[in-house]
Every structure is written in C-alpha cells, then in structure tokens.
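What follows is the content of start.pdb (PDB, C-alpha atoms and all ligand atoms).
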ATOM      1  CA  MET O  28      -1.300 -20.578   8.021
ATOM      2  CA  ASP O  29      -3.332 -17.531   9.082
ATOM      3  CA  ARG O  30      -1.294 -14.360   9.411
ATOM      4  CA  PHE O  31      -1.842 -11.343  11.660
ATOM      5  CA  PHE O  32      -0.097  -7.998  11.815
ATOM      6  CA  ILE O  33      -0.149  -7.048  15.491
ATOM      7  CA  PRO O  34       1.274  -4.133  17.503
ATOM      8  CA  PRO O  35       4.698  -4.660  19.110
ATOM      9  CA  GLU O  36       3.192  -4.134  22.599
ATOM     10  CA  TRP O  37       1.384  -7.460  22.277
ATOM     11  CA  PHE O  38       4.705  -9.301  22.391
ATOM     12  CA  GLU O  39       5.909 -10.195  25.914
ATOM     13  CA  GLY O  40       9.076 -12.262  26.100
ATOM     14  CA  ASP O  41       8.291 -15.500  24.310
ATOM     15  CA  SER O  42       4.529 -14.915  24.466
ATOM     16  CA  VAL O  43       2.035 -12.982  22.423
ATOM     17  CA  ILE O  44      -1.302 -11.713  23.710
ATOM     18  CA  PHE O  45      -3.780 -11.298  20.867
ATOM     19  CA  GLN O  46      -6.460  -8.712  21.605
ATOM     20  CA  ASN O  47      -9.233  -6.778  19.869
ATOM     21  CA  GLY O  48      -9.812  -7.647  16.203
ATOM     22  CA  PRO O  49      -7.228 -10.426  15.903
ATOM     23  CA  SER O  50      -8.426 -12.211  19.077
ATOM     24  CA  TYR O  51     -12.018 -11.928  17.851
ATOM     25  CA  GLN O  52     -10.916 -13.462  14.548
ATOM     26  CA  LEU O  53      -9.061 -16.281  16.283
ATOM     27  CA  ILE O  54     -11.872 -17.144  18.706
ATOM     28  CA  HIS O  55     -15.070 -16.509  16.786
ATOM     29  CA  VAL O  56     -14.235 -16.568  13.102
ATOM     30  CA  LEU O  57     -11.407 -19.082  12.754
ATOM     31  CA  ARG O  58     -12.436 -20.995  15.896
ATOM     32  CA  LYS O  59      -8.872 -21.794  16.837
ATOM     33  CA  LYS O  60      -8.138 -24.247  19.621
ATOM     34  CA  PRO O  61      -5.145 -24.673  21.946
ATOM     35  CA  GLN O  62      -2.121 -25.933  19.999
ATOM     36  CA  ASP O  63      -3.319 -24.521  16.681
ATOM     37  CA  ARG O  64      -0.688 -22.367  15.001
ATOM     38  CA  VAL O  65      -0.764 -18.966  13.347
ATOM     39  CA  ILE O  66       1.790 -16.437  12.137
ATOM     40  CA  ALA O  67       2.191 -13.086  13.900
ATOM     41  CA  LEU O  68       3.906 -10.138  12.221
ATOM     42  CA  ASP O  69       5.309  -7.098  14.020
ATOM     43  CA  ASN O  70       5.874  -4.986  10.878
ATOM     44  CA  THR O  71       9.666  -5.056  11.231
ATOM     45  CA  GLY O  72      10.332  -7.788   8.668
ATOM     46  CA  TRP O  73      10.146 -10.667  11.147
ATOM     47  CA  GLU O  74       7.433 -13.257  11.270
ATOM     48  CA  TYR O  75       6.709 -15.445  14.291
ATOM     49  CA  GLU O  76       5.137 -18.871  14.389
ATOM     50  CA  ILE O  77       2.765 -18.942  17.343
ATOM     51  CA  GLU O  78       1.116 -21.851  19.110
ATOM     52  CA  MET O  79      -2.190 -20.986  20.759
ATOM     53  CA  GLU O  80      -2.089 -21.673  24.502
ATOM     54  CA  ARG O  81      -4.852 -20.018  26.458
ATOM     55  CA  PHE O  82      -8.195 -18.569  25.444
ATOM     56  CA  THR O  83      -9.779 -16.123  27.846
ATOM     57  CA  GLY O  84     -12.904 -13.995  27.340
ATOM     58  CA  ASP O  85     -11.496 -11.536  24.859
ATOM     59  CA  SER O  86      -7.837 -12.355  24.442
ATOM     60  CA  VAL O  87      -5.716 -15.248  23.301
ATOM     61  CA  LYS O  88      -2.292 -16.045  24.651
ATOM     62  CA  GLY O  89       0.184 -17.778  22.374
ATOM     63  CA  ARG O  90       3.761 -18.995  22.600
ATOM     64  CA  ILE O  91       6.432 -18.090  20.045
ATOM     65  CA  LEU O  92       7.795 -21.310  18.551
ATOM     66  CA  ASN O  93      10.240 -19.728  16.156
ATOM     67  CA  LYS O  94      10.868 -16.601  14.134
ATOM     68  CA  SER O  95      12.135 -16.026  10.607
ATOM     69  CA  ARG O  96      12.709 -13.229   8.115
ATOM     70  CA  PRO O  97      11.166 -14.241   4.805
ATOM     71  CA  ASP O  98      12.314 -12.338   1.774
ATOM     72  CA  THR O  99       8.982 -11.128   0.423
ATOM     73  CA  GLU O 100       9.415  -7.357   0.483
ATOM     74  CA  PRO O 101      10.196  -5.465  -2.737
ATOM     75  CA  VAL O 102      13.645  -4.015  -3.350
ATOM     76  CA  ILE O 103      12.229  -0.521  -3.849
ATOM     77  CA  ASN O 104       9.941   1.637  -1.777
ATOM     78  CA  LEU O 105       7.111   2.398  -4.145
ATOM     79  CA  THR O 106       4.707   5.126  -3.060
ATOM     80  CA  LEU O 107       1.421   5.501  -4.880
ATOM     81  CA  TYR O 108      -0.055   8.992  -4.861
ATOM     82  CA  GLN O 109      -3.591   8.214  -5.949
ATOM     83  CA  ALA O 110      -6.388  10.704  -6.584
ATOM     84  CA  LEU O 111      -9.592   9.750  -4.794
ATOM     85  CA  LEU O 112     -11.772   7.518  -6.950
ATOM     86  CA  LYS O 113     -15.246   6.149  -6.570
ATOM     87  CA  ALA O 114     -15.179   3.832  -3.577
ATOM     88  CA  ASP O 115     -14.826   0.415  -5.117
ATOM     89  CA  ASN O 116     -12.123   1.484  -7.519
ATOM     90  CA  PHE O 117     -10.041   3.173  -4.865
ATOM     91  CA  GLU O 118     -10.258   0.065  -2.701
ATOM     92  CA  LEU O 119      -9.323  -2.139  -5.640
ATOM     93  CA  VAL O 120      -6.216  -0.026  -6.220
ATOM     94  CA  LEU O 121      -5.220  -0.352  -2.557
ATOM     95  CA  GLN O 122      -5.655  -4.107  -2.543
ATOM     96  CA  LYS O 123      -3.799  -4.694  -5.792
ATOM     97  CA  GLY O 124      -1.116  -2.202  -4.856
ATOM     98  CA  VAL O 125      -0.353  -4.120  -1.667
ATOM     99  CA  GLU O 126      -0.123  -7.407  -3.561
ATOM    100  CA  LEU O 127       2.133  -5.929  -6.210
ATOM    101  CA  GLY O 128       4.432  -4.363  -3.628
ATOM    102  CA  ALA O 129       3.647  -0.706  -2.943
ATOM    103  CA  ILE O 130       4.709   0.370   0.546
ATOM    104  CA  ASP O 131       2.862   3.673   0.926
ATOM    105  CA  PHE O 132      -0.454   5.032  -0.271
ATOM    106  CA  ARG O 133      -1.020   8.766  -0.318
ATOM    107  CA  PRO O 134      -4.547   9.695  -1.392
ATOM    108  CA  PHE O 135      -5.120  13.190  -2.747
ATOM    109  CA  ILE O 136      -7.889  15.411  -4.047
ATOM    110  CA  SER O 137      -7.359  17.208  -7.325
ATOM    111  CA  GLU O 138      -9.374  19.539  -9.501
ATOM    112  CA  ARG O 139     -11.261  16.897 -11.454
ATOM    113  CA  CYS O 140     -12.003  14.516  -8.589
ATOM    114  CA  VAL O 141     -15.643  13.563  -8.412
ATOM    115  CA  VAL O 142     -15.309  12.173  -4.887
ATOM    116  CA  ARG O 143     -15.401  14.448  -1.852
ATOM    117  CA  ARG O 144     -13.150  14.177   1.177
ATOM    118  CA  PRO O 145     -13.776  10.860   2.945
ATOM    119  CA  ASP O 146     -14.661  10.643   6.618
ATOM    120  CA  GLU O 147     -12.517   9.016   9.295
ATOM    121  CA  ASN O 148     -14.342   5.704   8.926
ATOM    122  CA  LYS O 149     -13.223   5.531   5.342
ATOM    123  CA  ILE O 150      -9.594   5.770   6.333
ATOM    124  CA  ASP O 151     -10.047   2.987   8.890
ATOM    125  CA  ARG O 152     -11.662   0.892   6.207
ATOM    126  CA  TRP O 153      -8.780   1.547   3.788
ATOM    127  CA  GLN O 154      -6.285   0.550   6.447
ATOM    128  CA  LYS O 155      -8.201  -2.668   7.036
ATOM    129  CA  ILE O 156      -8.204  -3.476   3.321
ATOM    130  CA  VAL O 157      -4.466  -2.891   3.198
ATOM    131  CA  ARG O 158      -3.837  -5.027   6.279
ATOM    132  CA  GLU O 159      -5.889  -7.926   4.978
ATOM    133  CA  ALA O 160      -4.184  -7.807   1.597
ATOM    134  CA  ALA O 161      -0.748  -7.680   3.238
ATOM    135  CA  GLU O 162      -1.597 -10.683   5.435
ATOM    136  CA  GLN O 163      -3.011 -12.638   2.545
ATOM    137  CA  CYS O 164      -0.109 -12.138   0.155
ATOM    138  CA  GLY O 165       2.668 -12.871   2.629
ATOM    139  CA  ARG O 166       4.161  -9.451   3.204
ATOM    140  CA  THR O 167       6.123  -8.710   6.341
ATOM    141  CA  ARG O 168       5.738  -4.935   6.148
ATOM    142  CA  LEU O 169       2.382  -3.303   6.502
ATOM    143  CA  PRO O 170       1.918  -0.558   3.898
ATOM    144  CA  ALA O 171       0.597   2.728   5.280
ATOM    145  CA  VAL O 172      -2.415   4.718   4.098
ATOM    146  CA  HIS O 173      -1.757   8.391   4.760
ATOM    147  CA  PRO O 174      -4.328  11.143   5.351
ATOM    148  CA  VAL O 175      -5.926  12.688   2.279
ATOM    149  CA  VAL O 176      -4.258  15.918   1.136
ATOM    150  CA  ILE O 177      -4.833  18.323  -1.732
ATOM    151  CA  PHE O 178      -2.881  17.768  -4.947
ATOM    152  CA  ARG O 179      -0.289  20.494  -4.396
ATOM    153  CA  GLU O 180       0.470  19.241  -0.924
ATOM    154  CA  ALA O 181       0.923  15.764  -2.336
ATOM    155  CA  CYS O 182       3.418  17.135  -4.879
ATOM    156  CA  ASP O 183       5.255  18.963  -2.112
ATOM    157  CA  GLN O 184       5.424  15.772  -0.028
ATOM    158  CA  SER O 185       7.181  13.958  -2.823
ATOM    159  CA  ALA O 186       9.740  16.701  -3.482
ATOM    160  CA  GLY O 187      13.345  15.576  -3.508
ATOM    161  CA  ASN O 188      12.577  11.938  -4.279
ATOM    162  CA  PRO O 189      12.269  10.510  -7.778
ATOM    163  CA  ALA O 190       8.638  10.907  -8.816
ATOM    164  CA  ILE O 191       6.559  10.364 -11.933
ATOM    165  CA  ILE O 192       3.147  11.744 -12.800
ATOM    166  CA  PHE O 193       1.256   9.587 -15.256
ATOM    167  CA  TRP O 194      -0.515  11.940 -17.637
ATOM    168  CA  GLU O 195      -2.930  10.830 -20.294
ATOM    169  CA  GLU O 196      -1.888  13.753 -22.528
ATOM    170  CA  GLU O 197       1.840  13.161 -22.377
ATOM    171  CA  GLU O 198       3.043  12.213 -25.839
ATOM    172  CA  ASN O 199       6.796  12.166 -25.698
ATOM    173  CA  THR O 200       8.182  10.810 -22.465
ATOM    174  CA  ARG O 201       8.006   7.089 -21.992
ATOM    175  CA  LEU O 202       8.177   5.264 -18.701
ATOM    176  CA  SER O 203      10.973   2.974 -19.807
ATOM    177  CA  SER O 204      13.276   5.882 -20.690
ATOM    178  CA  VAL O 205      12.543   7.778 -17.456
ATOM    179  CA  LEU O 206      13.328   4.726 -15.355
ATOM    180  CA  LYS O 207      16.706   4.484 -17.079
ATOM    181  CA  GLU O 208      17.745   7.993 -15.952
ATOM    182  CA  PRO O 209      20.361   7.724 -13.187
ATOM    183  CA  PHE O 210      18.140   9.666 -10.749
ATOM    184  CA  PHE O 211      15.567   6.878 -10.986
ATOM    185  CA  ARG O 212      17.884   3.965 -11.631
ATOM    186  CA  GLU O 213      19.997   4.545  -8.553
ATOM    187  CA  SER O 214      17.216   5.349  -6.121
ATOM    188  CA  ASP O 215      15.619   2.822  -3.809
ATOM    189  CA  SER O 216      12.428   4.911  -3.636
ATOM    190  CA  ILE O 217      10.016   5.947  -6.364
ATOM    191  CA  SER O 218       6.734   7.833  -6.160
ATOM    192  CA  ILE O 219       4.058   7.665  -8.813
ATOM    193  CA  PHE O 220       0.989   9.872  -9.277
ATOM    194  CA  ILE O 221      -2.250   8.677 -10.839
ATOM    195  CA  GLY O 222      -5.111  11.044 -11.530
ATOM    196  CA  PRO O 223      -8.858  10.808 -10.901
ATOM    197  CA  GLU O 224     -11.531   9.622 -13.359
ATOM    198  CA  GLY O 225     -11.482  13.111 -14.897
ATOM    199  CA  GLY O 226      -7.704  13.140 -15.422
ATOM    200  CA  PHE O 227      -5.144  15.895 -14.729
ATOM    201  CA  PRO O 228      -5.517  19.398 -16.207
ATOM    202  CA  SER O 229      -2.273  20.792 -17.630
ATOM    203  CA  SER O 230      -2.072  23.325 -14.772
ATOM    204  CA  GLU O 231      -1.664  20.476 -12.284
ATOM    205  CA  VAL O 232       0.908  18.740 -14.437
ATOM    206  CA  GLU O 233       2.826  22.025 -14.671
ATOM    207  CA  TYR O 234       2.823  22.363 -10.898
ATOM    208  CA  ALA O 235       4.040  18.789 -10.539
ATOM    209  CA  ARG O 236       6.797  19.464 -13.056
ATOM    210  CA  SER O 237       7.878  22.516 -11.049
ATOM    211  CA  ARG O 238       8.353  20.180  -8.081
ATOM    212  CA  GLY O 239      10.573  17.852 -10.098
ATOM    213  CA  ILE O 240       7.872  15.271 -10.867
ATOM    214  CA  GLU O 241       8.208  13.974 -14.424
ATOM    215  CA  PRO O 242       5.136  13.633 -16.654
ATOM    216  CA  VAL O 243       5.126  10.250 -18.339
ATOM    217  CA  SER O 244       2.869   8.321 -20.720
ATOM    218  CA  LEU O 245       1.534   4.850 -20.084
ATOM    219  CA  GLY O 246       0.971   4.211 -23.750
ATOM    220  CA  ARG O 247      -1.340   5.239 -26.551
ATOM    221  CA  ARG O 248      -4.608   4.216 -24.972
ATOM    222  CA  VAL O 249      -6.367   6.106 -22.190
ATOM    223  CA  LEU O 250      -6.746   3.738 -19.272
ATOM    224  CA  ARG O 251      -9.260   4.043 -16.498
ATOM    225  CA  ALA O 252      -7.656   5.402 -13.371
ATOM    226  CA  GLU O 253      -7.692   2.067 -11.533
ATOM    227  CA  THR O 254      -6.250   0.247 -14.538
ATOM    228  CA  ALA O 255      -3.594   2.933 -14.888
ATOM    229  CA  ALA O 256      -2.607   2.602 -11.214
ATOM    230  CA  ILE O 257      -2.265  -1.168 -11.400
ATOM    231  CA  ALA O 258      -0.413  -1.055 -14.721
ATOM    232  CA  ALA O 259       1.919   1.724 -13.545
ATOM    233  CA  MET O 260       2.823  -0.055 -10.307
ATOM    234  CA  SER O 261       3.400  -3.304 -12.199
ATOM    235  CA  ALA O 262       5.585  -1.635 -14.817
ATOM    236  CA  VAL O 263       7.760   0.189 -12.291
ATOM    237  CA  LEU O 264       8.214  -2.878 -10.128
ATOM    238  CA  TYR O 265       8.984  -5.045 -13.140
ATOM    239  CA  GLU O 266      11.614  -2.610 -14.318
ATOM    240  CA  LYS O 267      13.187  -2.749 -10.857
ATOM    241  CA  GLY O 268      13.419  -6.535 -11.043
ATOM    242  CA  GLU O 269      10.296  -7.443  -9.071
ATOM    243  CA  LEU O 270       7.394  -9.484 -10.456
ATOM    244  CA  GLY O 271       9.264 -12.262 -12.125
TER     245      GLY O 271
HETATM  246  N1  LIG O 301     -10.902  11.325 -18.349
HETATM  247  C1  LIG O 301      -9.589  11.422 -18.875
HETATM  248  C2  LIG O 301      -8.777  10.190 -18.565
HETATM  249  C3  LIG O 301      -8.372  10.039 -17.146
HETATM  250  S1  LIG O 301      -7.577   8.538 -16.896
HETATM  251  C4  LIG O 301      -9.641  11.525 -20.379
HETATM  252  O1  LIG O 301     -10.616  11.072 -20.941
HETATM  253  O2  LIG O 301      -8.674  12.015 -20.951
HETATM  254  C5  LIG O 301      -7.192   8.629 -15.200
HETATM  255  C6  LIG O 301      -5.731   8.697 -14.876
HETATM  256  O3  LIG O 301      -5.079   7.496 -15.290
HETATM  257  C7  LIG O 301      -4.945   9.786 -15.567
HETATM  258  O4  LIG O 301      -5.048  11.032 -14.917
HETATM  259  C8  LIG O 301      -3.538   9.253 -15.544
HETATM  260  O5  LIG O 301      -2.927   9.448 -14.286
HETATM  261  C9  LIG O 301      -3.762   7.776 -15.772
HETATM  262  N2  LIG O 301      -3.692   7.392 -17.185
HETATM  263  C10 LIG O 301      -4.628   6.764 -17.909
HETATM  264  N3  LIG O 301      -4.201   6.516 -19.156
HETATM  265  C11 LIG O 301      -2.936   7.000 -19.226
HETATM  266  C12 LIG O 301      -1.943   7.029 -20.263
HETATM  267  N4  LIG O 301      -2.148   6.536 -21.458
HETATM  268  N5  LIG O 301      -0.745   7.593 -19.956
HETATM  269  C13 LIG O 301      -0.504   8.103 -18.753
HETATM  270  N6  LIG O 301      -1.407   8.098 -17.742
HETATM  271  C14 LIG O 301      -2.610   7.546 -17.972
END

Could you render the structure from this file as structure tokens?
Ligand code: SAH
Amino acid sequence: MDRFFIPPEWFEGDSVIFQNGPSYQLIHVLRKKPQDRVIALDNTGWEYEIEMERFTGDSVKGRILNKSRPDTEPVINLTLYQALLKADNFELVLQKGVELGAIDFRPFISERCVVRRPDENKIDRWQKIVREAAEQCGRTRLPAVHPVVIFREACDQSAGNPAIIFWEEEENTRLSSVLKEPFFRESDSISIFIGPEGGFPSSEVEYARSRGIEPVSLGRRVLRAETAAIAAMSAVLYEKGELG
C-alpha cells in the first residue's frame, strides 16, 4: 500500500485531509478513487490505514480505519555526518542511509570538499529523497536532513555522544574493537563521520579527536566516500543487532 508521511495538523479526529504534494500524488499520479486505501504516517511511530472518501479540487479527505505501531525502526539512533559529495553520490548516500536505518543526516563542508555550499533548493531535494526512501522501505520515523555546517561545527555538534570518524589513514583502531568499548556498547546513539572525495587531512582528524571522536579504519582498502558511508552504516547497525 502507498505510504505518506504527513504533518500532524492534517489529522482531524478520525479523518485525514491530504493536501499539497501528497494530495497531488493521490489525485494525479496514483489516480486513487473513493474507497481506495493508503497508509498515513505522522512521524511518531504510528501508522494509519486510511480509506479515501472525498476528492475536492486540491485536497483529499480520508477516514482512519485503524492504526498500528510496526516495529521497523532501528534500536539505535545512528547519525551520519557526511561531507558534501558530488550530487549523485550524496543523494545515493541519503537514500541508502534511510533504508539501512540512519535517523539523522548532518552534511558538512571540510577542507578537501570539491562541492560548494548547496542552495536552499538542494536541501528541499534532499529532504524529498529521504522522505521517499522512508516511505518506500516501511519506516515510521522520518529521518532529518540538517543544514550544512563547517567541519568543526559538525564535530562540536556531536560532542558528548559516542562518535567515530572514519579515516582512510588510520592503521591501528578497528571498528569492531571501538564498538565493544562500554561508551559505545551501552549507548543508544552513535554518530559517524565520513569524509569527502579528497579525504580528511590529519589536522581535521586531530580536531575531531580533541572533541572525543575516535578515528577508525574501515579496512585495508581505500573506499570511495559513498561506498565508505554505506559500508560504515551497515557495519555499525549490524554490530548493534540490526540487518539480520
Ligand atoms: N582521496 C582519499 C580517499 C578518500 S575516501 C585518498 O585517496 O586517500 C573518502 C572517505 O571515505 C574518507 O575520508 C573516509 O571517511 C572514508 N574511507 C574510505 N576508505 C576508508 C578506510 N579504509 N578506512 C576508513 N575510512 C575510509
């Protein structure tokens, strides 16, 4: 069944009024008719089965048939701090990150980024990619895409919570051993940092370390940034008991 994250204000008693993008989708793209059913999500963990009732010019009224709380959200809050990448790769990381189970995306600009600060439209587009991925893969929480910040600010944002910076030049510290440290093992939140195409200079890794972010290797091969992000998210989630 088609799924839609919608704002809580669209719920009224046992009705839902779809507006804007979702009503356009329902009327013009999916060509729904009265009595067809869809799922509405209010980003609180609940999902609602809705029967379409009335189609007016630009809105669709539906009736809530029942609600449930499916158990599809990960057991940890995984935040991906991702350096800006060339467009397609950044979008790929967002989409795959949502499917795998990240809950927050925090883009940043660092010294070796080749991409400049994106405009507002870009952020809207990223949010749309995230929403569509979340709807498609059955999530009940909508991951957030935060405003772009500079690298040091990103490090400061993560301070106090367990955080890992994946560094292509790290030779000693392995992900599996870091995740076994009590600080990581006992936390229900983890942040991970992935660099841009050009990687992290040691000065940035030193700053991260000063903020309590641990430099970690992802293995003996240098991965492309988008591969590294997907592999790192998968590995952390697997270690926490997600993904199988
Ligand atoms: N251009 C750089 C590589 C950058 S890879 C070089 O040739 O050295 C882009 C990002 O992916 C890195 O900054 C890091 O965050 C991550 N990454 C890729 N391979 C990694 C590895 N083996 N260990 C840890 N992080 C890695």

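Relative to CA of Cys140 (chain O), CA of Asn116 (chain O) is found at 13.1 Å.
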
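With all atoms listed in the file as the atoms that count, the residue of O:Val263, O:Ser214, O:Val157, O:Gln109 with the shortest distance to ligand LIG 301 (chain O) is O:Gln109.
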
Give the padded box for ligand LIG 301 (chain O) as JSON: axis-aligned, covering all atoms listed in the file, 4 Å on each side, centre and edge lengths in Å to one decimal.
{"center_x": -5.7, "center_y": 9.3, "center_z": -17.9, "size_x": 18.4, "size_y": 13.5, "size_z": 15.2}

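Minimum distance to Phe31 (chain O) across O:Gly128, O:Gly268, O:Gly84, O:Gly165 (counting all atoms listed in the file) occurs at O:Gly165.
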
Contacts of chain O with ligand LIG 301 (chain O) up to 10 Å, shortest pair per row, all atoms listed in the file, as a Markdown table:
| residue | atom | partner | partner_atom | distance |
| --- | --- | --- | --- | --- |
| O:Tyr108 | CA | O:LIG301 | O5 | 9.9 |
| O:Gln109 | CA | O:LIG301 | O5 | 8.5 |
| O:Ala110 | CA | O:LIG301 | O4 | 8.4 |
| O:Leu112 | CA | O:LIG301 | C5 | 9.5 |
| O:Arg139 | CA | O:LIG301 | N1 | 8.9 |
| O:Ile191 | CA | O:LIG301 | O5 | 9.8 |
| O:Ile192 | CA | O:LIG301 | O5 | 6.7 |
| O:Phe193 | CA | O:LIG301 | N6 | 3.9 |
| O:Trp194 | CA | O:LIG301 | N6 | 3.9 |
| O:Glu195 | CA | O:LIG301 | N5 | 3.9 |
| O:Glu196 | CA | O:LIG301 | N5 | 6.8 |
| O:Glu197 | CA | O:LIG301 | N5 | 6.6 |
| O:Glu198 | CA | O:LIG301 | N5 | 8.4 |
| O:Thr200 | CA | O:LIG301 | N5 | 9.8 |
| O:Arg201 | CA | O:LIG301 | N5 | 9.0 |
| O:Leu202 | CA | O:LIG301 | C13 | 9.1 |
| O:Ile219 | CA | O:LIG301 | O5 | 9.1 |
| O:Phe220 | CA | O:LIG301 | O5 | 6.4 |
| O:Ile221 | CA | O:LIG301 | O5 | 3.6 |
| O:Gly222 | CA | O:LIG301 | O4 | 3.4 |
| O:Pro223 | CA | O:LIG301 | C5 | 5.1 |
| O:Glu224 | CA | O:LIG301 | C5 | 4.8 |
| O:Gly225 | CA | O:LIG301 | N1 | 3.9 |
| O:Gly226 | CA | O:LIG301 | O4 | 3.4 |
| O:Phe227 | CA | O:LIG301 | O4 | 4.9 |
| O:Pro228 | CA | O:LIG301 | O4 | 8.5 |
| O:Val232 | CA | O:LIG301 | O4 | 9.8 |
| O:Pro242 | CA | O:LIG301 | C13 | 8.2 |
| O:Val243 | CA | O:LIG301 | C13 | 6.0 |
| O:Ser244 | CA | O:LIG301 | N5 | 3.8 |
| O:Leu245 | CA | O:LIG301 | N5 | 3.6 |
| O:Gly246 | CA | O:LIG301 | N4 | 4.5 |
| O:Arg247 | CA | O:LIG301 | N4 | 5.3 |
| O:Arg248 | CA | O:LIG301 | N4 | 4.9 |
| O:Val249 | CA | O:LIG301 | N3 | 3.8 |
| O:Leu250 | CA | O:LIG301 | N3 | 3.8 |
| O:Arg251 | CA | O:LIG301 | S1 | 4.8 |
| O:Ala252 | CA | O:LIG301 | C5 | 3.7 |
| O:Glu253 | CA | O:LIG301 | O3 | 7.1 |
| O:Thr254 | CA | O:LIG301 | O3 | 7.4 |
| O:Ala255 | CA | O:LIG301 | O3 | 4.8 |
| O:Ala256 | CA | O:LIG301 | O3 | 6.8 |
| O:Ile257 | CA | O:LIG301 | O3 | 9.9 |
| O:Ala258 | CA | O:LIG301 | N2 | 9.4 |
| O:Ala259 | CA | O:LIG301 | N6 | 8.3 |

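If you measure from each of O:Glu118, O:Leu92, O:Phe178, O:Asp183 to Trp153 (chain O) using only C-alpha atoms, the closest one turns out to be O:Glu118.
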
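Across O:Gln163, O:Leu68, O:Arg58, O:Tyr51, the tightest approach to Lys94 (chain O) is made by O:Leu68 when counting only C-alpha atoms.
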
**OP:** Spell out the residues picked by the PyMOL selection byres (((chain O and resi 86) around 12) and not hetatm) here, as an MDAnalysis selection string.
**Re:** chainID O and resid 37 43:55 79:85 87:89

**OP:** I need the residue set behind the PyMOL selection byres (((chain O and resi 168) around 9) and not hetatm) for this file; please write it as a count of residues only.
**Re:** 14
